[in-house]
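Shown here: work09.txt, compact mmCIF, C-alpha atoms.
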```txt
# COMPACT_ATOMS: atom_id res chain seq x y z
CA MET A 28 18.42 -45.86 -53.73
CA ASN A 29 19.55 -43.30 -56.27
CA LYS A 30 21.53 -40.17 -55.43
CA LYS A 31 18.55 -37.86 -55.62
CA THR A 32 16.56 -39.90 -53.10
CA LEU A 33 19.61 -40.17 -50.84
CA TYR A 34 20.24 -36.43 -50.80
CA THR A 35 16.56 -35.74 -50.19
CA THR A 36 16.49 -38.16 -47.27
CA ILE A 37 19.66 -36.68 -45.76
CA GLY A 38 18.26 -33.17 -46.22
CA LEU A 39 14.99 -34.14 -44.55
CA ILE A 40 16.74 -35.76 -41.59
CA ALA A 41 19.01 -32.70 -41.24
CA ALA A 42 15.99 -30.39 -41.30
CA ILE A 43 14.20 -32.43 -38.64
CA VAL A 44 17.32 -32.48 -36.44
CA LEU A 45 17.68 -28.71 -36.89
CA VAL A 46 14.06 -28.11 -35.92
CA ILE A 47 14.47 -30.29 -32.83
CA LEU A 48 17.67 -28.44 -31.85
CA ILE A 49 15.96 -25.07 -32.31
CA PHE A 50 12.99 -26.26 -30.28
CA ILE A 51 15.29 -27.43 -27.47
CA TRP A 52 17.27 -24.17 -27.60
CA ARG A 53 14.11 -22.05 -27.42
CA SER A 54 12.79 -24.04 -24.46
CA PHE A 55 15.69 -22.68 -22.42
CA HIS A 56 15.65 -19.07 -21.20
CA ASP A 57 18.32 -16.70 -19.93
CA VAL A 58 18.50 -16.32 -16.15
CA ALA A 59 20.84 -13.60 -14.91
CA ILE A 60 21.84 -14.28 -11.30
CA THR A 61 23.58 -11.45 -9.48
CA LEU A 62 25.38 -12.40 -6.27
CA LYS A 63 25.57 -9.31 -4.06
CA LYS A 64 28.17 -10.86 -1.73
CA SER A 65 31.63 -11.50 -3.16
CA ASP A 66 32.23 -14.65 -1.07
CA LEU A 67 28.83 -16.19 -1.67
CA THR A 68 28.22 -19.57 -3.34
CA VAL A 69 24.71 -20.69 -4.22
CA LYS A 70 23.11 -23.85 -5.59
CA ILE A 71 20.14 -23.70 -7.92
CA TYR A 72 17.50 -26.43 -7.78
CA LYS A 73 14.50 -27.10 -9.96
CA THR A 74 11.36 -28.11 -8.11
CA GLU A 75 9.85 -31.21 -9.75
CA LYS A 76 6.80 -32.74 -8.11
CA ASP A 77 8.08 -33.70 -4.66
CA ARG A 78 11.81 -33.38 -5.17
CA GLN A 79 14.42 -30.81 -6.05
CA VAL A 80 16.93 -31.42 -8.83
CA GLU A 81 20.21 -29.55 -8.74
CA GLN A 82 20.73 -27.42 -11.85
CA ALA A 83 23.89 -25.42 -11.15
CA THR A 84 26.34 -24.12 -8.56
CA ILE A 85 27.65 -20.60 -9.00
CA SER A 86 30.13 -18.54 -7.02
CA GLN A 87 29.94 -15.28 -8.93
CA THR A 88 27.39 -13.32 -10.89
CA ALA A 89 26.47 -15.38 -13.94
CA ASN A 90 24.02 -15.89 -16.76
CA ILE A 91 22.66 -19.42 -17.05
CA ARG A 92 19.97 -21.00 -19.20
CA LEU A 93 17.07 -22.86 -17.63
CA THR A 94 13.86 -24.43 -18.89
CA ASN A 95 10.43 -23.28 -17.79
CA GLY A 96 9.61 -24.21 -14.21
CA SER A 97 9.92 -23.32 -10.53
CA PHE A 98 13.37 -22.98 -8.99
CA VAL A 99 15.01 -22.17 -5.66
CA ILE A 100 18.40 -20.64 -4.95
CA ILE A 101 20.01 -21.77 -1.69
CA PRO A 102 23.03 -19.92 -0.31
CA GLN A 103 25.76 -22.30 0.78
CA GLY A 104 28.08 -22.28 3.78
CA GLU A 105 27.74 -21.06 7.35
CA ALA A 106 28.31 -17.38 6.77
CA TYR A 107 24.93 -16.56 5.18
CA ASP A 108 21.28 -17.22 5.84
CA SER A 109 20.36 -20.36 3.90
CA ALA A 110 16.67 -19.47 3.45
CA PRO A 111 15.72 -20.48 -0.12
CA ILE A 112 14.96 -17.79 -2.69
CA SER A 113 12.24 -18.87 -5.13
CA PHE A 114 11.80 -17.79 -8.73
CA THR A 115 9.94 -18.98 -11.81
CA VAL A 116 10.94 -19.21 -15.45
CA ASN A 117 7.92 -18.89 -17.68
CA GLY A 118 8.76 -18.31 -21.31
CA ASP A 119 10.95 -15.26 -20.78
CA SER A 120 14.33 -14.22 -19.43
CA VAL A 121 14.60 -13.55 -15.68
CA SER A 122 16.93 -11.48 -13.47
CA ILE A 123 17.50 -12.47 -9.85
CA GLU A 124 19.47 -10.65 -7.17
CA VAL A 125 20.76 -12.82 -4.34
CA ASP A 126 21.56 -10.80 -1.25
CA PRO A 127 21.21 -13.01 1.82
CA ALA A 128 21.67 -11.70 5.32
CA PHE A 129 24.40 -13.07 7.56
CA SER A 130 23.57 -16.37 9.22
CA LYS A 131 22.19 -16.40 12.78
CA ALA A 132 25.43 -17.85 14.11
CA ARG A 133 27.48 -15.14 12.43
CA LEU A 134 25.18 -12.40 13.72
CA ASP A 135 25.26 -13.84 17.24
CA ALA A 136 29.05 -13.78 17.18
CA LEU A 137 29.00 -10.19 15.94
CA LEU A 138 26.57 -9.22 18.68
CA ASP A 139 29.08 -10.43 21.28
CA GLU A 140 31.44 -7.80 19.90
CA GLU A 141 28.85 -5.01 19.57
CA ILE A 142 26.66 -5.40 22.65
CA GLY A 143 28.97 -3.26 24.82
CA ALA A 144 28.81 -0.29 22.44
CA ILE A 145 25.05 -0.74 22.01
CA ASN A 146 24.43 -0.76 25.75
CA ASN A 147 26.63 2.32 26.21
CA VAL A 148 24.40 4.27 23.81
CA LEU A 149 21.23 3.14 25.59
CA GLN A 150 22.66 3.88 29.02
CA ALA A 151 23.77 7.35 27.93
CA LYS A 152 20.28 8.14 26.67
CA TYR A 153 18.08 6.43 29.24
CA SER A 154 20.23 6.02 32.35
CA ALA A 155 17.52 7.21 34.76
CA VAL A 156 14.78 4.99 33.32
CA LEU A 157 16.65 1.82 32.39
CA THR A 158 17.19 0.82 36.02
CA LYS A 159 13.46 0.03 36.15
CA PHE A 160 13.60 -2.24 33.14
CA ASN A 161 15.01 -5.62 32.15
CA GLN A 162 16.64 -5.60 28.73
CA THR A 163 16.80 -8.76 26.62
CA ARG A 164 20.01 -9.46 24.70
CA GLY A 165 18.30 -8.67 21.41
CA ASN A 166 19.34 -9.55 17.88
CA LEU A 167 21.40 -8.19 15.05
CA TYR A 168 19.89 -8.28 11.56
CA ARG A 169 21.08 -8.30 7.93
CA GLU A 170 24.87 -7.74 7.93
CA GLY A 171 24.92 -6.73 11.56
CA GLN A 172 24.11 -3.07 11.03
CA TRP A 173 20.60 -3.35 12.57
CA TYR A 174 19.85 -4.18 16.21
CA ALA A 175 16.54 -4.64 17.99
CA THR A 176 15.64 -5.60 21.51
CA THR A 177 12.86 -5.41 24.06
CA LEU A 178 12.63 -3.81 27.47
CA ALA A 179 10.25 -5.07 30.13
CA ARG A 180 9.39 -3.10 33.25
CA LYS A 181 10.58 -4.88 36.37
CA VAL A 182 7.53 -6.21 38.17
CA SER A 183 6.83 -9.03 40.61
CA SER A 184 6.34 -12.49 39.14
CA SER A 185 2.58 -12.29 39.63
CA GLU A 186 2.17 -9.04 37.68
CA GLU A 187 1.86 -8.50 33.93
CA THR A 188 4.28 -6.11 32.29
CA ASP A 189 4.33 -4.07 29.11
CA LEU A 190 7.04 -4.78 26.53
CA TYR A 191 8.86 -1.89 24.84
CA ARG A 192 10.63 -2.43 21.54
CA LEU A 193 13.50 -0.42 20.12
CA ILE A 194 15.60 -0.47 16.96
CA MET A 195 19.13 0.82 16.46
CA LYS A 196 21.34 1.16 13.40
CA LYS A 197 25.11 1.27 13.10
CA GLU A 198 26.20 4.19 10.94
CA GLY A 199 29.92 4.25 10.39
CA ALA A 200 31.36 3.21 13.73
CA GLU A 201 28.49 4.54 15.84
CA TRP A 202 25.24 2.97 17.00
CA LYS A 203 22.23 5.27 16.75
CA LEU A 204 18.71 4.86 18.07
CA VAL A 205 16.29 4.91 15.10
CA VAL A 206 13.14 3.83 16.96
CA ALA A 207 12.84 4.84 20.62
CA PRO A 208 11.34 2.27 23.00
CA SER A 209 7.70 1.85 21.96
CA LEU A 210 4.91 -0.58 22.76
CA SER A 211 4.43 -1.37 19.06
CA ILE A 212 6.34 -0.20 15.99
CA SER A 213 4.45 0.68 12.80
CA ILE A 214 5.86 -0.11 9.36
CA LYS A 215 4.03 2.99 8.07
CA ASP A 216 6.05 5.25 10.33
CA HIS A 217 9.41 3.70 9.41
CA PRO A 218 9.59 2.96 5.68
CA ASP A 219 13.42 2.99 5.80
CA ILE A 220 13.64 0.06 8.22
CA PRO A 221 13.43 -3.42 6.64
CA GLN A 222 9.93 -4.69 7.35
CA HIS A 223 11.06 -8.09 8.58
CA ILE A 224 12.98 -6.43 11.44
CA ILE A 225 9.90 -4.51 12.58
CA ARG A 226 7.68 -7.61 12.31
CA ASP A 227 10.23 -9.72 14.16
CA ILE A 228 10.68 -7.36 17.12
CA ASN A 229 6.93 -6.69 17.32
CA SER A 230 6.30 -10.44 17.52
CA VAL A 231 8.38 -10.81 20.70
CA GLY A 232 5.98 -11.65 23.48
CA LYS A 233 3.34 -13.13 21.18
CA THR A 234 1.69 -16.33 22.31
CA MET B 21 -30.60 18.36 -64.19
CA ASN B 22 -32.49 21.22 -62.63
CA PRO B 23 -29.90 23.87 -61.63
CA GLU B 24 -31.96 24.75 -58.57
CA ARG B 25 -31.78 21.15 -57.38
CA VAL B 26 -28.00 21.13 -57.85
CA ILE B 27 -27.68 24.33 -55.84
CA ASN B 28 -29.89 22.91 -53.07
CA LYS B 29 -27.80 19.74 -52.92
CA LYS B 30 -24.60 21.79 -52.66
CA TRP B 31 -26.05 23.87 -49.88
CA LEU B 32 -27.21 20.79 -48.03
CA LEU B 33 -23.77 19.21 -48.39
CA ALA B 34 -22.07 22.40 -47.19
CA LEU B 35 -24.42 22.64 -44.23
CA GLY B 36 -23.96 18.99 -43.37
CA THR B 37 -20.17 19.34 -43.56
CA LEU B 38 -20.32 22.45 -41.38
CA ILE B 39 -22.39 20.63 -38.77
CA VAL B 40 -20.04 17.62 -38.72
CA VAL B 41 -16.93 19.82 -38.52
CA GLY B 42 -18.61 21.86 -35.80
CA LEU B 43 -19.44 18.77 -33.79
CA ILE B 44 -15.91 17.39 -34.14
CA GLY B 45 -14.45 20.75 -33.20
CA TYR B 46 -16.73 21.01 -30.17
CA GLY B 47 -15.78 17.48 -29.14
CA LEU B 48 -12.10 18.37 -29.43
CA TYR B 49 -12.63 21.55 -27.44
CA LEU B 50 -14.37 19.60 -24.66
CA SER B 51 -11.58 16.97 -24.56
CA ILE B 52 -8.87 19.62 -24.34
CA SER B 53 -10.68 21.78 -21.80
CA ARG B 54 -11.45 18.76 -19.58
CA ALA B 55 -8.00 17.18 -19.79
CA GLY B 56 -6.49 16.65 -16.33
CA LYS B 57 -9.79 17.51 -14.62
CA GLU B 58 -12.10 15.38 -12.54
CA ALA B 59 -15.84 15.06 -13.19
CA VAL B 60 -17.83 16.22 -10.16
CA ASN B 61 -21.61 15.79 -9.97
CA VAL B 62 -23.23 18.99 -8.70
CA TYR B 63 -26.66 18.86 -7.11
CA VAL B 64 -28.34 21.87 -5.50
CA ILE B 65 -31.78 22.43 -4.03
CA PRO B 66 -33.38 24.75 -5.16
CA SER B 67 -31.90 24.12 -8.59
CA ASP B 68 -31.80 27.81 -9.52
CA SER B 69 -29.56 28.72 -6.56
CA THR B 70 -26.31 30.52 -7.26
CA VAL B 71 -23.41 28.10 -6.76
CA THR B 72 -19.79 29.22 -6.91
CA VAL B 73 -16.50 27.36 -6.75
CA ASN B 74 -13.72 29.64 -5.50
CA GLY B 75 -15.97 32.54 -6.48
CA GLN B 76 -16.61 31.27 -10.02
CA PRO B 77 -20.23 30.37 -10.82
CA ILE B 78 -21.07 26.80 -11.85
CA SER B 79 -24.31 25.16 -12.93
CA PRO B 80 -25.91 22.03 -11.50
CA GLY B 81 -24.98 18.94 -13.52
CA THR B 82 -21.39 17.91 -14.04
CA ALA B 83 -18.51 20.26 -13.31
CA TYR B 84 -14.92 19.57 -14.28
CA LEU B 85 -12.37 20.54 -11.66
CA ARG B 86 -8.67 19.88 -11.25
CA ALA B 87 -7.62 17.95 -8.13
CA GLY B 88 -7.29 20.40 -5.26
CA THR B 89 -9.15 22.21 -2.50
CA TYR B 90 -12.09 24.46 -3.30
CA THR B 91 -14.49 26.72 -1.42
CA ILE B 92 -18.05 25.95 -2.45
CA GLU B 93 -20.75 28.53 -1.75
CA ALA B 94 -24.43 28.48 -2.56
CA SER B 95 -27.19 31.00 -1.98
CA ARG B 96 -30.72 31.92 -3.02
CA GLY B 97 -32.93 34.68 -1.76
CA GLY B 98 -34.97 33.57 1.26
CA PHE B 99 -32.91 30.44 1.87
CA SER B 100 -29.99 29.62 4.18
CA ARG B 101 -26.51 30.16 2.82
CA TYR B 102 -24.09 27.30 2.28
CA LYS B 103 -20.30 27.35 2.44
CA GLU B 104 -17.90 24.40 2.60
CA GLU B 105 -14.31 23.54 1.73
CA ILE B 106 -13.90 20.34 -0.27
CA THR B 107 -10.91 18.44 -1.59
CA ILE B 108 -11.09 16.85 -5.01
CA LEU B 109 -8.67 13.97 -5.45
CA PRO B 110 -7.54 12.20 -8.65
CA ASN B 111 -10.15 9.59 -9.72
CA ASN B 112 -12.69 11.62 -7.82
CA LYS B 113 -15.73 9.90 -6.40
CA LYS B 114 -17.10 12.89 -4.50
CA ASP B 115 -20.29 14.78 -5.34
CA ILE B 116 -21.24 18.34 -4.46
CA ASP B 117 -24.71 17.84 -3.04
CA ILE B 118 -26.16 21.03 -1.53
CA ALA B 119 -29.52 21.66 0.08
CA LEU B 120 -30.54 25.16 1.10
CA TYR B 121 -33.30 25.46 3.68
CA GLY B 122 -36.05 28.05 3.80
CA VAL B 123 -35.55 31.07 6.04
CA SER B 124 -38.32 33.36 4.76
CA ASP B 125 -41.97 32.28 4.91
CA LYS B 126 -42.12 32.00 1.15
CA ALA B 127 -38.98 29.86 1.08
CA LYS B 128 -40.31 27.61 3.84
CA GLU B 129 -43.49 27.16 1.85
CA TRP B 130 -41.46 26.23 -1.21
CA GLU B 131 -39.45 23.76 0.87
CA LYS B 132 -42.64 22.03 2.07
CA LYS B 133 -43.99 21.75 -1.46
CA ASN B 134 -40.72 20.27 -2.69
CA GLU B 135 -40.06 17.85 0.16
CA LYS B 136 -39.53 15.10 -2.40
CA LEU B 137 -36.35 16.80 -3.65
CA TYR B 138 -34.90 16.83 -0.13
CA LEU B 139 -35.81 13.16 0.36
CA GLU B 140 -34.11 12.27 -2.94
CA ARG B 141 -31.00 14.03 -1.67
CA GLU B 142 -31.06 11.92 1.49
CA GLY B 143 -31.32 8.84 -0.70
CA ARG B 144 -28.25 9.92 -2.67
CA GLY B 145 -26.41 10.44 0.58
CA GLY B 146 -27.42 6.98 1.80
CA LYS B 147 -26.16 5.31 -1.39
CA ARG B 148 -22.88 7.19 -1.17
CA ALA B 149 -22.50 6.15 2.48
CA THR B 150 -23.11 2.48 1.63
CA ALA B 151 -20.63 2.49 -1.24
CA TYR B 152 -18.09 4.33 0.90
CA GLY B 153 -18.61 1.90 3.81
CA GLU B 154 -18.01 -1.16 1.61
CA ALA B 155 -14.90 0.37 0.04
CA PHE B 156 -13.64 1.40 3.47
CA GLN B 157 -14.01 -2.13 4.88
CA ASN B 158 -12.24 -3.60 1.86
CA VAL B 159 -9.25 -1.35 2.55
CA ASN B 160 -9.47 -1.88 6.33
CA PRO B 161 -10.80 -5.43 6.88
CA ILE B 162 -9.93 -5.27 10.60
CA THR B 163 -12.78 -2.76 11.05
CA LYS B 164 -15.22 -5.67 10.60
CA ASP B 165 -13.95 -7.03 13.92
CA LEU B 166 -13.83 -3.73 15.78
CA PRO B 167 -14.59 -2.32 18.25
CA TYR B 168 -13.54 -5.16 20.55
CA LYS B 169 -13.93 -4.97 24.30
CA ASN B 170 -13.32 -7.24 27.30
CA ILE B 171 -12.82 -6.57 30.98
CA ILE B 172 -9.09 -5.88 30.54
CA PHE B 173 -8.79 -3.85 27.33
CA SER B 174 -10.66 -2.40 24.39
CA ILE B 175 -9.59 -1.95 20.77
CA GLY B 176 -11.18 0.63 18.50
CA TYR B 177 -10.09 2.87 15.65
CA HIS B 178 -10.38 6.34 14.22
CA LEU B 179 -9.56 7.87 10.86
CA ASP B 180 -5.94 8.89 10.33
CA PRO B 181 -6.06 12.70 10.05
CA GLU B 182 -2.94 12.62 7.85
CA ASP B 183 -4.82 10.79 5.08
CA PRO B 184 -6.98 13.18 3.00
CA THR B 185 -8.78 10.21 1.37
CA ASN B 186 -10.17 9.16 4.79
CA GLN B 187 -9.27 5.55 4.04
CA SER B 188 -6.50 4.99 6.62
CA ILE B 189 -7.14 4.21 10.26
CA ILE B 190 -5.29 4.40 13.54
CA LEU B 191 -6.07 1.69 16.09
CA ASP B 192 -6.94 2.86 19.61
CA ILE B 193 -6.01 0.54 22.48
CA ASP B 194 -7.30 1.31 25.94
CA ALA B 195 -5.64 -1.00 28.47
CA GLY B 196 -4.12 -0.76 31.92
CA PRO B 197 -0.39 -1.15 32.58
CA GLY B 198 0.76 -4.67 31.85
CA TYR B 199 -2.20 -5.50 29.61
CA ARG B 200 -1.32 -3.63 26.46
CA ASN B 201 0.61 -6.64 25.18
CA GLY B 202 -2.61 -8.62 25.64
CA ALA B 203 -4.41 -6.18 23.35
CA LEU B 204 -1.65 -6.55 20.74
CA GLN B 205 -2.01 -10.32 21.02
CA LYS B 206 -5.75 -9.97 20.41
CA ILE B 207 -5.02 -8.15 17.16
CA ARG B 208 -2.88 -11.16 16.15
CA ASP B 209 -5.62 -13.54 17.23
CA LEU B 210 -7.98 -11.70 14.87
CA GLY B 211 -5.54 -12.50 12.05
CA TYR B 212 -3.68 -9.20 11.73
CA ASP B 213 -0.11 -8.06 12.39
CA PRO B 214 0.13 -5.00 14.65
CA SER B 215 3.18 -3.95 12.58
CA ASP B 216 0.78 -2.96 9.77
CA PHE B 217 -1.03 -0.36 11.89
CA ARG B 218 -0.39 2.91 13.58
CA ILE B 219 -1.54 2.31 17.15
CA ASN B 220 -2.55 4.90 19.72
CA PHE B 221 -2.40 3.73 23.31
CA LYS B 222 -4.91 5.66 25.36
CA ASN B 223 -4.13 6.81 28.89
CA PHE B 224 -0.49 5.94 28.34
CA THR B 225 2.64 7.96 28.95
CA ASN B 226 5.79 6.48 27.47
CA PRO B 227 8.43 6.53 30.23
CA PHE B 228 11.11 6.87 27.54
CA SER B 229 9.58 9.81 25.71
CA ASN B 230 10.90 12.59 27.91
CA GLU B 231 14.49 11.31 27.93
```
Taking this structure as input, can you express it in the form of structure tokens?
Amino acid sequence: MNKKTLYTTIGLIAAIVLVILIFIWRSFHDVAITLKKSDLTVKIYKTEKDRQVEQATISQTANIRLTNGSFVIIPQGEAYDSAPISFTVNGDSVSIEVDPAFSKARLDALLDEEIGAINNVLQAKYSAVLTKFNQTRGNLYREGQWYATTLARKVSSSEETDLYRLIMKKEGAEWKLVVAPSLSISIKDHPDIPQHIIRDINSVGKT
Amino acid sequence: MNPERVINKKWLLALGTLIVVGLIGYGLYLSISRAGKEAVNVYVIPSDSTVTVNGQPISPGTAYLRAGTYTIEASRGGFSRYKEEITILPNNKKDIDIALYGVSDKAKEWEKKNEKLYLEREGRGGKRATAYGEAFQNVNPITKDLPYKNIIFSIGYHLDPEDPTNQSIILDIDAGPGYRNGALQKIRDLGYDPSDFRINFKNFTNPFSNE
């Protein structure tokens, strides 16, 4: 093989390798993942057929590169809700905000601390009426700043009773009633309340 | 070349240019004057009645009005007078369709002779009602399943007065104490989430509302 042929062959191979590298580079796309909680760690999985393949673990806001496909982000640890967050990469860059609520266990523990203050507010407002009702413990939502519960009129075991639903919000150090006890709460009337809270408290009592 | 022919050609060219420029100018004028306005079909029987919008006369055909509320009046000697307030919304689908009815003997005679025009108007109204009904059900699919009634409760609906487009509804539940939850469950059984609706509970006083 003479020099000319050698150089041509090397050049051709280099060009092919370059094209392949460019093709591989372009098949990856920027994914900006913003973690809204400073102590949050998440794992990112790619969904492939019937399994999930781990792609990355991140503990702070980061930019990563992923190929086209369907992915899920799963918050780690016991402090946050581990419900997966889905996203898709399809030929373009993507931005994802990860802002999970506190986990159920964490919210339940918080409720132990807050239930006294919550009940004081309800008693102060409805002292005359509340004696006729049974109040369920209720739930905290998100980072513990939302509370919802139901009230059922005290009736004999053979009677049916109506369920009243209420929502409160902690502003600063004080709990405030944002939705007074109602038979059903409408999302249209309360655009400032996260919809999932309204749907959840409305679903209490469903069969 | 014959000088007369040259002059004729020049005149023809000038005239043609003038006509084209005039048409373009008119088209531009129409575009500018109609910008931001909604097309509203105007029908009136008899067709030579005087029709005004906020006191300004308009002709039957297509009027161009900005979104807003207008007072429509129509009159013709010997016929009843017409007055109505209408609201024109963006992407308007509303017509102004007026029929005046004979008061004087002559007008009544005219009305009898032109019964076909009044029947055509009813046909237009029927078509509008059908189109409106289909659009309404698409926006409010639950209305296909209502009203619902059993021995314990009933579920109906009425238009939400706060919605000027008349597309939103408020559900009406009529149930005795202890059975209102059953009505809410029925809404779920029909495939809907009560959270998505404003609900009016009839014959119900909230014990917490006066606190």
I need every residue sitting at most 10 Å from the point (-9.5, -0.7, 22.9) (coordinates as in the file, all atoms listed in the file considered), written as a short mmCIF file (atom, residue, chain, number, x, y, z; two decimals) with C-alpha atoms, in the frame of the given file.
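New file selection-v2.cif:
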```
data_model
loop_
_atom_site.label_atom_id
_atom_site.label_comp_id
_atom_site.auth_asym_id
_atom_site.auth_seq_id
_atom_site.Cartn_x
_atom_site.Cartn_y
_atom_site.Cartn_z
CA LEU B 166 -13.83 -3.73 15.78
CA PRO B 167 -14.59 -2.32 18.25
CA TYR B 168 -13.54 -5.16 20.55
CA LYS B 169 -13.93 -4.97 24.30
CA ASN B 170 -13.32 -7.24 27.30
CA ILE B 172 -9.09 -5.88 30.54
CA PHE B 173 -8.79 -3.85 27.33
CA SER B 174 -10.66 -2.40 24.39
CA ILE B 175 -9.59 -1.95 20.77
CA GLY B 176 -11.18 0.63 18.50
CA TYR B 177 -10.09 2.87 15.65
CA LEU B 191 -6.07 1.69 16.09
CA ASP B 192 -6.94 2.86 19.61
CA ILE B 193 -6.01 0.54 22.48
CA ASP B 194 -7.30 1.31 25.94
CA ALA B 195 -5.64 -1.00 28.47
CA ARG B 200 -1.32 -3.63 26.46
CA ALA B 203 -4.41 -6.18 23.35
CA ASN B 220 -2.55 4.90 19.72
CA PHE B 221 -2.40 3.73 23.31
CA LYS B 222 -4.91 5.66 25.36
#
```
- request: For chain B, list the residues within 8 Å of chain A, counting all atoms listed in the file, and write the list as a PyMOL selection string.
  value: chain B and resi 197-201+205+213-219+226-229+231
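Note that the spacing between CA of Thr84 in chain A and CA of Ser54 in chain A amounts to 20.9 Å.
Of the residues under consideration (B:Ile52, B:Ala119, B:Leu38, B:Ala151), B:Ala119 shows the shortest atom-to-atom contact distance to Leu139 in chain B when counting only C-alpha atoms.
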task: May I ask for the distance between CA of Ile112 in chain A and CA of Phe98 in chain A, given in Å to one decimal place?
output: 8.3 Å
